[in-house]
Amino acid sequence: MRRKVALGFAMAIATALALAGCGSSSSSSSELAPGAPLKIGYLASLTGFCSSFSQEYVKGAELAVKQINARGGVLGHKLQLEVRDDKATANVGVSQARDLVLSGHAKYLAGTCSSAVGKSVVQLVANPSHVLYVLGVSDPTVFAGGPQIYAFNTIPSATIEGKNAAAYIRAHPQWKRIAVISEDYSYGYQVTAAFKKAMAGSGQTIISQDYVPSGGTDFSPYINKLIAEHPDAVYSTVITEDTVTLVKQGLPLGLFEKTKFFGIMDYGTIDAMPKPPVGVEGYTFYPSVSIYRATGSPFARDLESLGTTAANGGAAGDAFNQIQIIAQGVEKAKSTDPSKVRDALDEATVQTVQGSVKIHKCNHQIAMPIAMGTIVGPSAAQPFAHFEPLTLVDTNKYFEC
Amino acid sequence: MSLATFVGQLFAGLSLAFVLFFTAAGLNLVWGVLGVMNFAAGSVYMLGAYLTTSVIARLGASTLGWTAALVIVPLAVAAMGAVAEVLLLRRTYREEDENQQFMLTLALSYLIAGVVLLVFGTHFRTVSLPELLSGSWNLLGATLPVYTLVTIALGLLVTVAIWVGLYHTRAGLLTRAAVDDREMLSVLGVDVNRVYSAVFAVGIGLGALGGVLIAPQGAVSANLETTALVPAFIVVVTGGLGSMTGALLAALTIGIAQSYATLQDATLAQLTPYAVMSVVLLTRAIVGRSWVIA
């Protein structure tokens with residue numbers, strides 16, 4: 001019996017030593033061999049709840065890779081993109097990420113529209129890591145690990161989105177009764193919670209908060225309820241195709257005439273509406289081509305080559321940014337080692353579709369601006385529904401680092 | 001609750017109920033006659049919605065375009081259903097293997113979803129309503145969208161058509177006879193296979209009709225498949241498998257109850273179908289199967 005125990009201990013120690021050896025060997029090989037391709041595994045939710053705009057992500061990522069490779073790659077390494085479908089499902093995303101890292105030898109990961117996938121993959125690449133992950137998701141808890149984690153966020157978190165909405169509502173103190181309508185999943189709950197927290201002490205009352213089912217086909221009962229509550233303003237975080245359904249069913253019910261409506265309205269979404277809700281106050285943090293073309297951003301011009309309409313391209317812009325940030329991180333670090341790249345990106349300023357933006361070290365959030373304005377119909381200069389006047393809100397003020 | 005809110009929620013609930021009923025009626029018909037639980041019903045609903053966007057895009061968002069979609073799409077999908085029944089399902093009846101039928105309809109649903117993805121892409125689609133149907137009327141202070149009223153009217157019309165078809169036509173007589181005794185019907189010289197194909201086609205067409213009606217109301221995406229199937233199953237189970245009257249009552253109860261429950265708690269209101277089903281199933285378990293409406 002003792003012999004068996006001793007043998008067990010010996011084996012355990014041998015295994016631990018072997019693993020430690022593997023670790024050090026892997027650590028020393030974190031730098032790519034000269035001329036070797038820099039592989040980026042891209043998680044695109046090609047099927048699942050956000051499949052409707054995931055092709056856009058792939059287009060944006062591919063465009064960034066093409067442009068970077070056309071100028072010689074980074075530090076002599078050509079970028080190589082490998083796209084996988086994470087099905088917007090955590091276990092599939094983790095499985096794909098693991099395969100990309102272990103079998104595909106990718107040192108960099110990007111993408112996913114799903115916070116659940118993002119959260120699981122961030123845990124997978126947790127410290128000590130030889131993989132860096134750049135993604136754009138709303139859930140702030142994905143980045144709860146702070147500066148230690150090997151992940152960066154390219155879109156404003158739900159906390160920042162909620163704070164920005166609260167700042168807008170607080171700027172209108174005449175609106176005393178506020179109703180909130182959101183998506184019935186984590187994103188909706190998180191933005192609503194952040195909004196409510198930021199509204200505390202404003203003297204304005206949140207009279208209701210309702211959550212519509214994602215992908216639902218009949219929102220009339222919810223809209224009737226909103227109208228019956230007689231709010232001074234409605235704050236909506238209903239997104240993508242659900243926005244289309246809400247607007248289409250809200251128009252004949254008089255939702256936009258009977259209430260002051262304010263909410264997230266991506267250009268790609270309002271462009272898809274047969275009748276956009278003109279006069280509604282909207283915001284978006286996705287970099288649609290038309291918003292950033294006006295700022296002279298070269299990335300925005302490039303995005304037009306994707307074949308999407310000028311109103312669209314928001315998701316493509318986000319993916320474009322993710323690849324650009326990896327490439328700029330490698331250049332800043334003068335190394336392909338993900339650990340060094342992570343350190344080089346902390347507190348760095350990077351070039352994105354939205355211009356120069358700062359990365360906050362405390363939560364690895366990139367302070368992307370939020371575009372806000374009143375929805376107007378197509379004009380000669382912009383032949384699609386857009387915001388006018390357009391304001392780009394600097395989100396740095398919402399960070400609590 | 002004000003009268004305007006009461007009326008508004010009632011009509012919203014009725015509209016919801018009839019869209020639910022179309023898919024549930026299709027499921028019920030196929031189950032009642034063929035004994036097949038059609039797991040492709042959600043995909044058929046989604047296909048109906050996608051095809052509607054195509055027809056309206058081609059003919060324009062006019063009354064003509066919408067009416068054409070209303071007629072052409074259910075007929076076209078029903079024809080596809082008949083072909084699928086002849087080529088695939090018919091082979092499974094003799095073996096009376098329910099697992100095989102289940103797997104086959106499940107495979108059909110994947111096939112339809114895959115084809116929709118290939119043909120229409122992953123991005124959601126939208127179509128306009130014709131001007132005639134996009135306004136609203138005022139009743140007792142409530143604003144009622146014209147399209148909601150049209151959906152309810154069509155729902156009533158189709159319900160009457162199903163009832164007349166089942167109980168006052170020779171085709172309906174044969175269908176009911178096929179439910180009771182297939183062999184006897186065959187001995188009497190009726191081509192039972194033809195009856196089965198027709199029933200499956202009608203069931204599929206009804207499912208597609210639900211998709212046609214919801215297409216102009218929102219965004220058409222692949223998510224429609226799942227949003228339709230589960231509520232339709234709940235309606236069928238609540239109303240009693242094979243019972244058309246039961247399905248209608250269940251759809252009306254669930255639709256209207258969910259609409260009013262939204263006023264109390266919009267999130268909990270989503271549980272209404274499950275709550276109604278649980279109450280009905282428990283009552284049925286206590287009172288006995290004879291409680292089921294024929």
# chains A, B, ... in the order shown; residues from 1 in each chain; ligands from 1

$ residues_around --residues "range 44-55 of chain A" --least-positions-apart "6" --cutoff "8 Å" --atoms "only C-alpha atoms" --output "ChimeraX atom specification"
/A:83-89,111-114,315 /B:122-124,221,223

$ select_by_dssp --residues "range 104-164 of chain A" --states "strand (DSSP E or B)" --output "PyMOL selection string"
chain A and resi 108-111+132-135+151-153

$ atom_distance --atom1 "CA of Leu188 in chain B" --atom2 "CA of Leu29 in chain B"
22.5 Å

$ select_by_dssp --residues "range 59-215 of chain B" --states "helix (DSSP H, G or I)" --output "number ranges by chain"
B: 59, 63-93, 98-120, 131-133, 146-167, 170-180, 182-187, 192-215

$ write_last_selection --atoms "C-alpha atoms" --output "CSV table (one decimal), in the first residue's frame"
chain,number,residue,atom,x,y,z
B,59,LEU,CA,-44.5,43.1,-56.8
B,63,THR,CA,-52.2,46.0,-51.7
B,64,LEU,CA,-51.7,43.8,-54.8
B,65,GLY,CA,-48.2,42.7,-53.6
B,66,TRP,CA,-49.4,41.9,-50.2
B,67,THR,CA,-52.6,40.0,-51.4
B,68,ALA,CA,-50.5,38.1,-53.9
B,69,ALA,CA,-48.1,37.0,-51.1
B,70,LEU,CA,-51.1,36.0,-49.0
B,71,VAL,CA,-52.4,33.7,-51.7
B,72,ILE,CA,-49.2,32.5,-53.5
B,73,VAL,CA,-46.9,31.8,-50.5
B,74,PRO,CA,-49.2,29.4,-48.6
B,75,LEU,CA,-50.1,27.6,-51.8
B,76,ALA,CA,-46.5,27.3,-52.9
B,77,VAL,CA,-45.3,26.1,-49.5
B,78,ALA,CA,-48.3,23.7,-49.3
B,79,ALA,CA,-47.2,22.2,-52.7
B,80,MET,CA,-43.7,21.7,-51.3
B,81,GLY,CA,-45.3,20.0,-48.3
B,82,ALA,CA,-47.2,17.6,-50.6
B,83,VAL,CA,-44.0,16.7,-52.4
B,84,ALA,CA,-42.2,16.1,-49.1
B,85,GLU,CA,-45.1,13.9,-47.9
B,86,VAL,CA,-45.0,11.8,-51.1
B,87,LEU,CA,-41.3,11.4,-51.3
B,88,LEU,CA,-40.4,11.1,-47.7
B,89,LEU,CA,-43.1,10.8,-45.1
B,90,ARG,CA,-45.2,8.2,-46.9
B,91,ARG,CA,-42.5,5.6,-46.5
B,92,THR,CA,-42.7,5.8,-42.8
B,93,TYR,CA,-46.4,5.1,-42.2
B,98,GLU,CA,-42.7,7.4,-34.6
B,99,ASN,CA,-39.0,7.9,-34.0
B,100,GLN,CA,-38.4,7.7,-37.8
B,101,GLN,CA,-41.2,10.3,-38.4
B,102,PHE,CA,-39.8,12.6,-35.7
B,103,MET,CA,-36.3,12.4,-37.2
B,104,LEU,CA,-37.6,13.0,-40.7
B,105,THR,CA,-39.5,16.1,-39.8
B,106,LEU,CA,-36.6,17.3,-37.7
B,107,ALA,CA,-34.3,16.8,-40.7
B,108,LEU,CA,-36.8,18.6,-42.9
B,109,SER,CA,-36.6,21.6,-40.5
B,110,TYR,CA,-32.8,21.7,-40.8
B,111,LEU,CA,-33.0,21.4,-44.5
B,112,ILE,CA,-35.4,24.3,-44.8
B,113,ALA,CA,-33.4,26.4,-42.4
B,114,GLY,CA,-30.2,25.6,-44.4
B,115,VAL,CA,-31.8,26.5,-47.7
B,116,VAL,CA,-33.2,29.7,-46.3
B,117,LEU,CA,-29.8,30.7,-45.1
B,118,LEU,CA,-28.2,29.9,-48.5
B,119,VAL,CA,-30.8,31.7,-50.5
B,120,PHE,CA,-31.6,34.7,-48.3
B,131,GLU,CA,-50.5,52.2,-47.3
B,132,LEU,CA,-54.0,50.9,-47.1
B,133,LEU,CA,-53.0,48.6,-44.2
B,146,VAL,CA,-55.4,48.4,-39.3
B,147,TYR,CA,-53.1,45.4,-39.8
B,148,THR,CA,-54.0,44.0,-36.4
B,149,LEU,CA,-57.7,44.2,-37.5
B,150,VAL,CA,-56.9,42.5,-40.8
B,151,THR,CA,-55.0,39.7,-39.0
B,152,ILE,CA,-57.9,39.1,-36.7
B,153,ALA,CA,-60.4,39.2,-39.7
B,154,LEU,CA,-58.2,36.7,-41.6
B,155,GLY,CA,-58.0,34.6,-38.5
B,156,LEU,CA,-61.7,34.4,-38.2
B,157,LEU,CA,-62.1,33.7,-41.9
B,158,VAL,CA,-59.6,30.8,-41.9
B,159,THR,CA,-61.1,29.4,-38.7
B,160,VAL,CA,-64.5,29.3,-40.4
B,161,ALA,CA,-62.9,27.9,-43.6
B,162,ILE,CA,-61.3,25.1,-41.5
B,163,TRP,CA,-64.6,24.3,-39.8
B,164,VAL,CA,-66.6,24.3,-43.0
B,165,GLY,CA,-63.9,22.3,-44.7
B,166,LEU,CA,-63.8,19.7,-42.0
B,167,TYR,CA,-67.5,19.3,-41.3
B,170,ARG,CA,-66.7,15.6,-48.8
B,171,ALA,CA,-62.9,16.3,-48.4
B,172,GLY,CA,-63.5,17.0,-44.7
B,173,LEU,CA,-65.6,13.8,-44.3
B,174,LEU,CA,-62.8,11.8,-45.8
B,175,THR,CA,-60.2,13.5,-43.6
B,176,ARG,CA,-62.3,12.7,-40.4
B,177,ALA,CA,-62.8,9.1,-41.7
B,178,ALA,CA,-59.0,8.8,-42.2
B,179,VAL,CA,-58.5,9.7,-38.5
B,180,ASP,CA,-61.0,7.1,-37.4
B,182,ARG,CA,-57.7,4.3,-42.4
B,183,GLU,CA,-58.1,0.7,-43.5
B,184,MET,CA,-61.9,0.9,-43.8
B,185,LEU,CA,-61.6,4.0,-45.9
B,186,SER,CA,-59.1,2.2,-48.1
B,187,VAL,CA,-61.5,-0.8,-48.5
B,192,VAL,CA,-56.0,7.3,-48.7
B,193,ASN,CA,-52.5,8.3,-49.8
B,194,ARG,CA,-54.1,11.2,-51.7
B,195,VAL,CA,-56.0,12.2,-48.5
B,196,TYR,CA,-52.8,12.1,-46.5
B,197,SER,CA,-50.9,14.2,-49.0
B,198,ALA,CA,-53.7,16.8,-49.1
B,199,VAL,CA,-53.9,17.0,-45.3
B,200,PHE,CA,-50.1,17.4,-45.0
B,201,ALA,CA,-50.2,20.1,-47.7
B,202,VAL,CA,-53.0,22.0,-45.9
B,203,GLY,CA,-51.2,21.7,-42.6
B,204,ILE,CA,-48.0,23.1,-44.0
B,205,GLY,CA,-49.9,25.8,-45.9
B,206,LEU,CA,-51.5,26.9,-42.6
B,207,GLY,CA,-48.1,27.2,-40.9
B,208,ALA,CA,-46.8,29.3,-43.9
B,209,LEU,CA,-49.8,31.6,-43.6
B,210,GLY,CA,-48.8,32.5,-40.1
B,211,GLY,CA,-45.4,33.5,-41.5
B,212,VAL,CA,-47.0,35.5,-44.3
B,213,LEU,CA,-49.0,37.5,-41.7
B,214,ILE,CA,-46.1,38.4,-39.4
B,215,ALA,CA,-43.6,39.3,-42.1

$ atom_distance --atom1 "CA of Val212 in chain A" --atom2 "CA of Gln249 in chain A"
13.1 Å

$ residues_around --residues "range 339-353 of chain A" --least-positions-apart "6" --cutoff "9 Å" --atoms "only C-alpha atoms" --output "PyMOL selection string"
chain A and resi 30+128-132+147+149-152+287+289+292+297-300+303+317-318+320-322+324-326+328-333+359-362+364+366+368

$ write_last_selection --atoms "C-alpha atoms" --output "PDB file, in the first residue's frame"
ATOM      1  CA  SER A  30       5.927  32.906 -27.538  1.00  0.00           C
ATOM      2  CA  PRO A 128      -0.800  32.794 -17.492  1.00  0.00           C
ATOM      3  CA  SER A 129      -1.656  33.139 -21.129  1.00  0.00           C
ATOM      4  CA  HIS A 130       0.100  33.037 -24.420  1.00  0.00           C
ATOM      5  CA  VAL A 131      -3.006  34.198 -26.242  1.00  0.00           C
ATOM      6  CA  LEU A 132      -4.444  37.716 -26.557  1.00  0.00           C
ATOM      7  CA  PRO A 147      -5.482  44.860 -16.074  1.00  0.00           C
ATOM      8  CA  ILE A 149      -6.578  39.775 -18.200  1.00  0.00           C
ATOM      9  CA  TYR A 150      -5.525  39.088 -21.754  1.00  0.00           C
ATOM     10  CA  ALA A 151      -8.573  40.626 -23.395  1.00  0.00           C
ATOM     11  CA  PHE A 152      -9.554  44.071 -24.679  1.00  0.00           C
ATOM     12  CA  PRO A 287     -18.853  52.865 -36.529  1.00  0.00           C
ATOM     13  CA  VAL A 289     -19.411  54.313 -42.669  1.00  0.00           C
ATOM     14  CA  TYR A 292     -17.005  58.427 -39.844  1.00  0.00           C
ATOM     15  CA  SER A 297     -11.357  58.724 -41.284  1.00  0.00           C
ATOM     16  CA  PRO A 298      -9.408  56.709 -43.895  1.00  0.00           C
ATOM     17  CA  PHE A 299     -10.784  53.493 -42.378  1.00  0.00           C
ATOM     18  CA  ALA A 300     -14.346  54.638 -43.120  1.00  0.00           C
ATOM     19  CA  LEU A 303     -15.020  50.187 -45.318  1.00  0.00           C
ATOM     20  CA  GLY A 317     -15.963  48.544 -38.511  1.00  0.00           C
ATOM     21  CA  ASP A 318     -15.842  46.877 -35.108  1.00  0.00           C
ATOM     22  CA  PHE A 320     -11.776  46.027 -38.541  1.00  0.00           C
ATOM     23  CA  ASN A 321     -10.799  47.770 -35.306  1.00  0.00           C
ATOM     24  CA  GLN A 322     -10.138  44.484 -33.507  1.00  0.00           C
ATOM     25  CA  GLN A 324      -6.056  46.799 -36.302  1.00  0.00           C
ATOM     26  CA  ILE A 325      -5.613  46.879 -32.518  1.00  0.00           C
ATOM     27  CA  ILE A 326      -3.824  43.521 -32.529  1.00  0.00           C
ATOM     28  CA  GLN A 328      -0.847  48.064 -33.637  1.00  0.00           C
ATOM     29  CA  GLY A 329      -0.197  46.272 -30.339  1.00  0.00           C
ATOM     30  CA  VAL A 330       2.410  44.052 -31.995  1.00  0.00           C
ATOM     31  CA  GLU A 331       4.043  47.091 -33.567  1.00  0.00           C
ATOM     32  CA  LYS A 332       4.045  49.021 -30.296  1.00  0.00           C
ATOM     33  CA  ALA A 333       5.489  46.039 -28.389  1.00  0.00           C
ATOM     34  CA  ILE A 359      -7.323  52.128 -24.014  1.00  0.00           C
ATOM     35  CA  HIS A 360      -8.016  52.210 -20.269  1.00  0.00           C
ATOM     36  CA  LYS A 361      -5.722  49.871 -18.372  1.00  0.00           C
ATOM     37  CA  CYS A 362      -8.068  49.368 -15.414  1.00  0.00           C
ATOM     38  CA  HIS A 364      -9.127  47.017 -20.832  1.00  0.00           C
ATOM     39  CA  ILE A 366     -11.279  51.154 -25.420  1.00  0.00           C
ATOM     40  CA  MET A 368     -14.942  54.474 -28.258  1.00  0.00           C
TER      41      MET A 368
END

$ residues_around --residues "Lys248 in chain A" --least-positions-apart "2" --cutoff "9 Å" --atoms "only C-alpha atoms" --output "MDAnalysis selection string"
(chainID A and resid 243:246 250:252 273:277) or (chainID B and resid 128 216:219)

$ interface_residues --of "chain B" --to "chain A" --cutoff "8 Å" --atoms "only C-alpha atoms" --output "MDAnalysis selection string"
chainID B and resid 5 8:9 12:13 16 122:128 134:136 143:145 214 217:221 223:224 227 259:260 262:263 265:267 270

$ write_last_selection --atoms "C-alpha atoms" --output "PDB file, in the first residue's frame"
ATOM      1  CA  THR B   5     -55.987  50.120 -22.647  1.00  0.00           C
ATOM      2  CA  GLY B   8     -56.033  47.861 -27.087  1.00  0.00           C
ATOM      3  CA  GLN B   9     -54.739  44.793 -25.217  1.00  0.00           C
ATOM      4  CA  ALA B  12     -53.355  42.820 -29.528  1.00  0.00           C
ATOM      5  CA  GLY B  13     -54.129  39.507 -27.808  1.00  0.00           C
ATOM      6  CA  LEU B  16     -51.357  37.168 -31.322  1.00  0.00           C
ATOM      7  CA  THR B 122     -27.958  35.734 -42.650  1.00  0.00           C
ATOM      8  CA  HIS B 123     -29.073  39.366 -42.547  1.00  0.00           C
ATOM      9  CA  PHE B 124     -32.650  40.044 -41.509  1.00  0.00           C
ATOM     10  CA  ARG B 125     -35.105  41.290 -44.136  1.00  0.00           C
ATOM     11  CA  THR B 126     -37.906  43.793 -43.909  1.00  0.00           C
ATOM     12  CA  VAL B 127     -40.866  44.720 -46.100  1.00  0.00           C
ATOM     13  CA  SER B 128     -43.306  47.604 -45.946  1.00  0.00           C
ATOM     14  CA  SER B 134     -50.423  50.750 -42.407  1.00  0.00           C
ATOM     15  CA  GLY B 135     -52.675  53.220 -40.622  1.00  0.00           C
ATOM     16  CA  SER B 136     -54.752  52.872 -37.494  1.00  0.00           C
ATOM     17  CA  THR B 143     -55.569  53.082 -31.223  1.00  0.00           C
ATOM     18  CA  LEU B 144     -55.911  49.902 -33.273  1.00  0.00           C
ATOM     19  CA  PRO B 145     -53.511  49.306 -36.152  1.00  0.00           C
ATOM     20  CA  ILE B 214     -46.146  38.356 -39.396  1.00  0.00           C
ATOM     21  CA  GLN B 217     -45.036  43.442 -38.886  1.00  0.00           C
ATOM     22  CA  GLY B 218     -41.371  43.170 -38.015  1.00  0.00           C
ATOM     23  CA  ALA B 219     -37.993  41.867 -39.112  1.00  0.00           C
ATOM     24  CA  VAL B 220     -37.799  38.514 -40.870  1.00  0.00           C
ATOM     25  CA  SER B 221     -34.871  36.445 -39.655  1.00  0.00           C
ATOM     26  CA  ASN B 223     -34.916  33.376 -35.345  1.00  0.00           C
ATOM     27  CA  LEU B 224     -38.540  33.033 -36.436  1.00  0.00           C
ATOM     28  CA  THR B 227     -40.170  31.718 -31.872  1.00  0.00           C
ATOM     29  CA  SER B 259     -51.584  40.435 -23.628  1.00  0.00           C
ATOM     30  CA  TYR B 260     -53.269  41.410 -20.356  1.00  0.00           C
ATOM     31  CA  THR B 262     -48.057  42.203 -19.986  1.00  0.00           C
ATOM     32  CA  LEU B 263     -49.766  45.102 -18.217  1.00  0.00           C
ATOM     33  CA  ASP B 265     -45.403  42.335 -15.526  1.00  0.00           C
ATOM     34  CA  ALA B 266     -44.152  42.240 -19.095  1.00  0.00           C
ATOM     35  CA  THR B 267     -41.358  39.799 -18.304  1.00  0.00           C
ATOM     36  CA  GLN B 270     -43.811  35.575 -21.314  1.00  0.00           C
TER      37      GLN B 270
END

$ residues_around --residues "Ala257 in chain B" --least-positions-apart "4" --cutoff "8 Å" --atoms "only C-alpha atoms" --output "list in words"
Gly13, Thr253, Ala261 and Thr272 of chain B

$ atom_distance --atom1 "CA of Leu249 in chain B" --atom2 "CA of Gln264 in chain B"
22.8 Å

$ residues_around --residues "Gly377 in chain A" --least-positions-apart "6" --cutoff "12 Å" --atoms "only C-alpha atoms" --output "list in words"
Tyr267, Ile270, Asp271, Met273, Pro274, Lys275, Pro276, Pro277, Val278, Gly279, Val280, Pro383, Phe384, Ala385, His386, Phe387 and Glu388 of chain A

$ closest_residue --among "A:Ile68, A:Leu63, A:Gln354, A:Gln80" --to "Pro37 in chain A" --atoms "only C-alpha atoms"
A:Gln80

$ closest_residue --among "B:Ala228, B:Ala57, B:Met277, B:Leu268" --to "Ala40 in chain B" --atoms "only C-alpha atoms"
B:Ala228

$ residues_around --residues "Gly240 in chain B" --least-positions-apart "2" --cutoff "12 Å" --atoms "only C-alpha atoms" --output "PyMOL selection string"
chain B and resi 24-25+27-29+31-32+233-238+242-251+277+280-281+284+289-294

$ write_last_selection --atoms "N, CA and C atoms" --output "mmCIF file, in the first residue's frame"
data_model
loop_
_atom_site.group_PDB
_atom_site.id
_atom_site.type_symbol
_atom_site.label_atom_id
_atom_site.label_comp_id
_atom_site.auth_asym_id
_atom_site.auth_seq_id
_atom_site.Cartn_x
_atom_site.Cartn_y
_atom_site.Cartn_z
ATOM 1 N N ALA B 24 -50.488 26.266 -35.041
ATOM 2 C CA ALA B 24 -51.003 25.168 -34.213
ATOM 3 C C ALA B 24 -52.028 24.327 -34.986
ATOM 4 N N ALA B 25 -52.869 24.984 -35.782
ATOM 5 C CA ALA B 25 -53.877 24.247 -36.558
ATOM 6 C C ALA B 25 -53.198 23.330 -37.565
ATOM 7 N N LEU B 27 -50.215 22.000 -37.275
ATOM 8 C CA LEU B 27 -49.624 20.892 -36.504
ATOM 9 C C LEU B 27 -50.687 19.867 -36.138
ATOM 10 N N ASN B 28 -51.829 20.395 -35.683
ATOM 11 C CA ASN B 28 -52.916 19.555 -35.211
ATOM 12 C C ASN B 28 -53.511 18.684 -36.308
ATOM 13 N N LEU B 29 -53.685 19.305 -37.461
ATOM 14 C CA LEU B 29 -54.262 18.597 -38.599
ATOM 15 C C LEU B 29 -53.380 17.414 -38.992
ATOM 16 N N TRP B 31 -51.084 15.969 -37.141
ATOM 17 C CA TRP B 31 -51.050 14.980 -36.062
ATOM 18 C C TRP B 31 -52.335 14.147 -36.054
ATOM 19 N N GLY B 32 -53.471 14.833 -36.173
ATOM 20 C CA GLY B 32 -54.760 14.159 -36.078
ATOM 21 C C GLY B 32 -54.953 13.110 -37.160
ATOM 22 N N PHE B 233 -46.587 24.381 -30.207
ATOM 23 C CA PHE B 233 -46.695 23.102 -29.495
ATOM 24 C C PHE B 233 -47.493 23.272 -28.210
ATOM 25 N N ILE B 234 -47.237 24.385 -27.527
ATOM 26 C CA ILE B 234 -47.955 24.630 -26.265
ATOM 27 C C ILE B 234 -49.457 24.729 -26.540
ATOM 28 N N VAL B 235 -49.820 25.416 -27.623
ATOM 29 C CA VAL B 235 -51.236 25.553 -27.972
ATOM 30 C C VAL B 235 -51.844 24.184 -28.269
ATOM 31 N N VAL B 236 -51.111 23.376 -29.033
ATOM 32 C CA VAL B 236 -51.623 22.048 -29.416
ATOM 33 C C VAL B 236 -51.808 21.163 -28.179
ATOM 34 N N VAL B 237 -50.807 21.180 -27.308
ATOM 35 C CA VAL B 237 -50.883 20.338 -26.102
ATOM 36 C C VAL B 237 -51.996 20.845 -25.178
ATOM 37 N N THR B 238 -52.099 22.166 -25.048
ATOM 38 C CA THR B 238 -53.123 22.735 -24.167
ATOM 39 C C THR B 238 -54.523 22.428 -24.695
ATOM 40 N N GLY B 242 -54.807 16.933 -31.584
ATOM 41 C CA GLY B 242 -55.788 16.566 -32.608
ATOM 42 C C GLY B 242 -57.087 17.346 -32.538
ATOM 43 N N SER B 243 -57.299 18.121 -31.480
ATOM 44 C CA SER B 243 -58.558 18.850 -31.345
ATOM 45 C C SER B 243 -58.430 20.270 -31.909
ATOM 46 N N MET B 244 -59.147 20.528 -32.999
ATOM 47 C CA MET B 244 -59.062 21.835 -33.651
ATOM 48 C C MET B 244 -59.756 22.910 -32.800
ATOM 49 N N THR B 245 -60.918 22.552 -32.229
ATOM 50 C CA THR B 245 -61.627 23.501 -31.371
ATOM 51 C C THR B 245 -60.782 23.818 -30.145
ATOM 52 N N GLY B 246 -60.184 22.778 -29.590
ATOM 53 C CA GLY B 246 -59.326 22.958 -28.420
ATOM 54 C C GLY B 246 -58.167 23.883 -28.735
ATOM 55 N N ALA B 247 -57.559 23.693 -29.932
ATOM 56 C CA ALA B 247 -56.421 24.540 -30.322
ATOM 57 C C ALA B 247 -56.840 26.000 -30.450
ATOM 58 N N LEU B 248 -58.029 26.207 -31.008
ATOM 59 C CA LEU B 248 -58.523 27.581 -31.169
ATOM 60 C C LEU B 248 -58.730 28.232 -29.796
ATOM 61 N N LEU B 249 -59.385 27.484 -28.899
ATOM 62 C CA LEU B 249 -59.635 28.024 -27.559
ATOM 63 C C LEU B 249 -58.322 28.270 -26.813
ATOM 64 N N ALA B 250 -57.387 27.334 -26.969
ATOM 65 C CA ALA B 250 -56.094 27.483 -26.290
ATOM 66 C C ALA B 250 -55.355 28.699 -26.828
ATOM 67 N N ALA B 251 -55.368 28.869 -28.153
ATOM 68 C CA ALA B 251 -54.670 30.017 -28.754
ATOM 69 C C ALA B 251 -55.291 31.326 -28.275
ATOM 70 N N MET B 277 -50.854 26.239 -19.965
ATOM 71 C CA MET B 277 -50.704 24.809 -20.281
ATOM 72 C C MET B 277 -50.663 23.981 -18.992
ATOM 73 N N VAL B 280 -54.136 23.711 -17.457
ATOM 74 C CA VAL B 280 -55.004 22.823 -18.251
ATOM 75 C C VAL B 280 -54.598 21.361 -18.071
ATOM 76 N N LEU B 281 -53.295 21.097 -18.112
ATOM 77 C CA LEU B 281 -52.839 19.708 -17.987
ATOM 78 C C LEU B 281 -53.152 19.146 -16.602
ATOM 79 N N ARG B 284 -56.804 18.513 -16.445
ATOM 80 C CA ARG B 284 -57.115 17.327 -17.246
ATOM 81 C C ARG B 284 -56.727 16.060 -16.495
ATOM 82 N N ARG B 289 -59.466 12.464 -19.119
ATOM 83 C CA ARG B 289 -59.302 12.758 -20.541
ATOM 84 C C ARG B 289 -60.603 13.201 -21.218
ATOM 85 N N SER B 290 -61.764 12.780 -20.656
ATOM 86 C CA SER B 290 -63.033 13.106 -21.300
ATOM 87 C C SER B 290 -63.260 14.618 -21.344
ATOM 88 N N TRP B 291 -62.463 15.355 -20.534
ATOM 89 C CA TRP B 291 -62.598 16.793 -20.488
ATOM 90 C C TRP B 291 -62.161 17.454 -21.800
ATOM 91 N N VAL B 292 -61.316 16.725 -22.561
ATOM 92 C CA VAL B 292 -60.770 17.274 -23.800
ATOM 93 C C VAL B 292 -61.893 17.581 -24.792
ATOM 94 N N ILE B 293 -61.796 18.760 -25.374
ATOM 95 C CA ILE B 293 -62.829 19.158 -26.340
ATOM 96 C C ILE B 293 -62.545 18.487 -27.671
ATOM 97 N N ALA B 294 -63.544 17.879 -28.250
ATOM 98 C CA ALA B 294 -63.344 17.163 -29.518
ATOM 99 C C ALA B 294 -63.218 18.150 -30.673
#
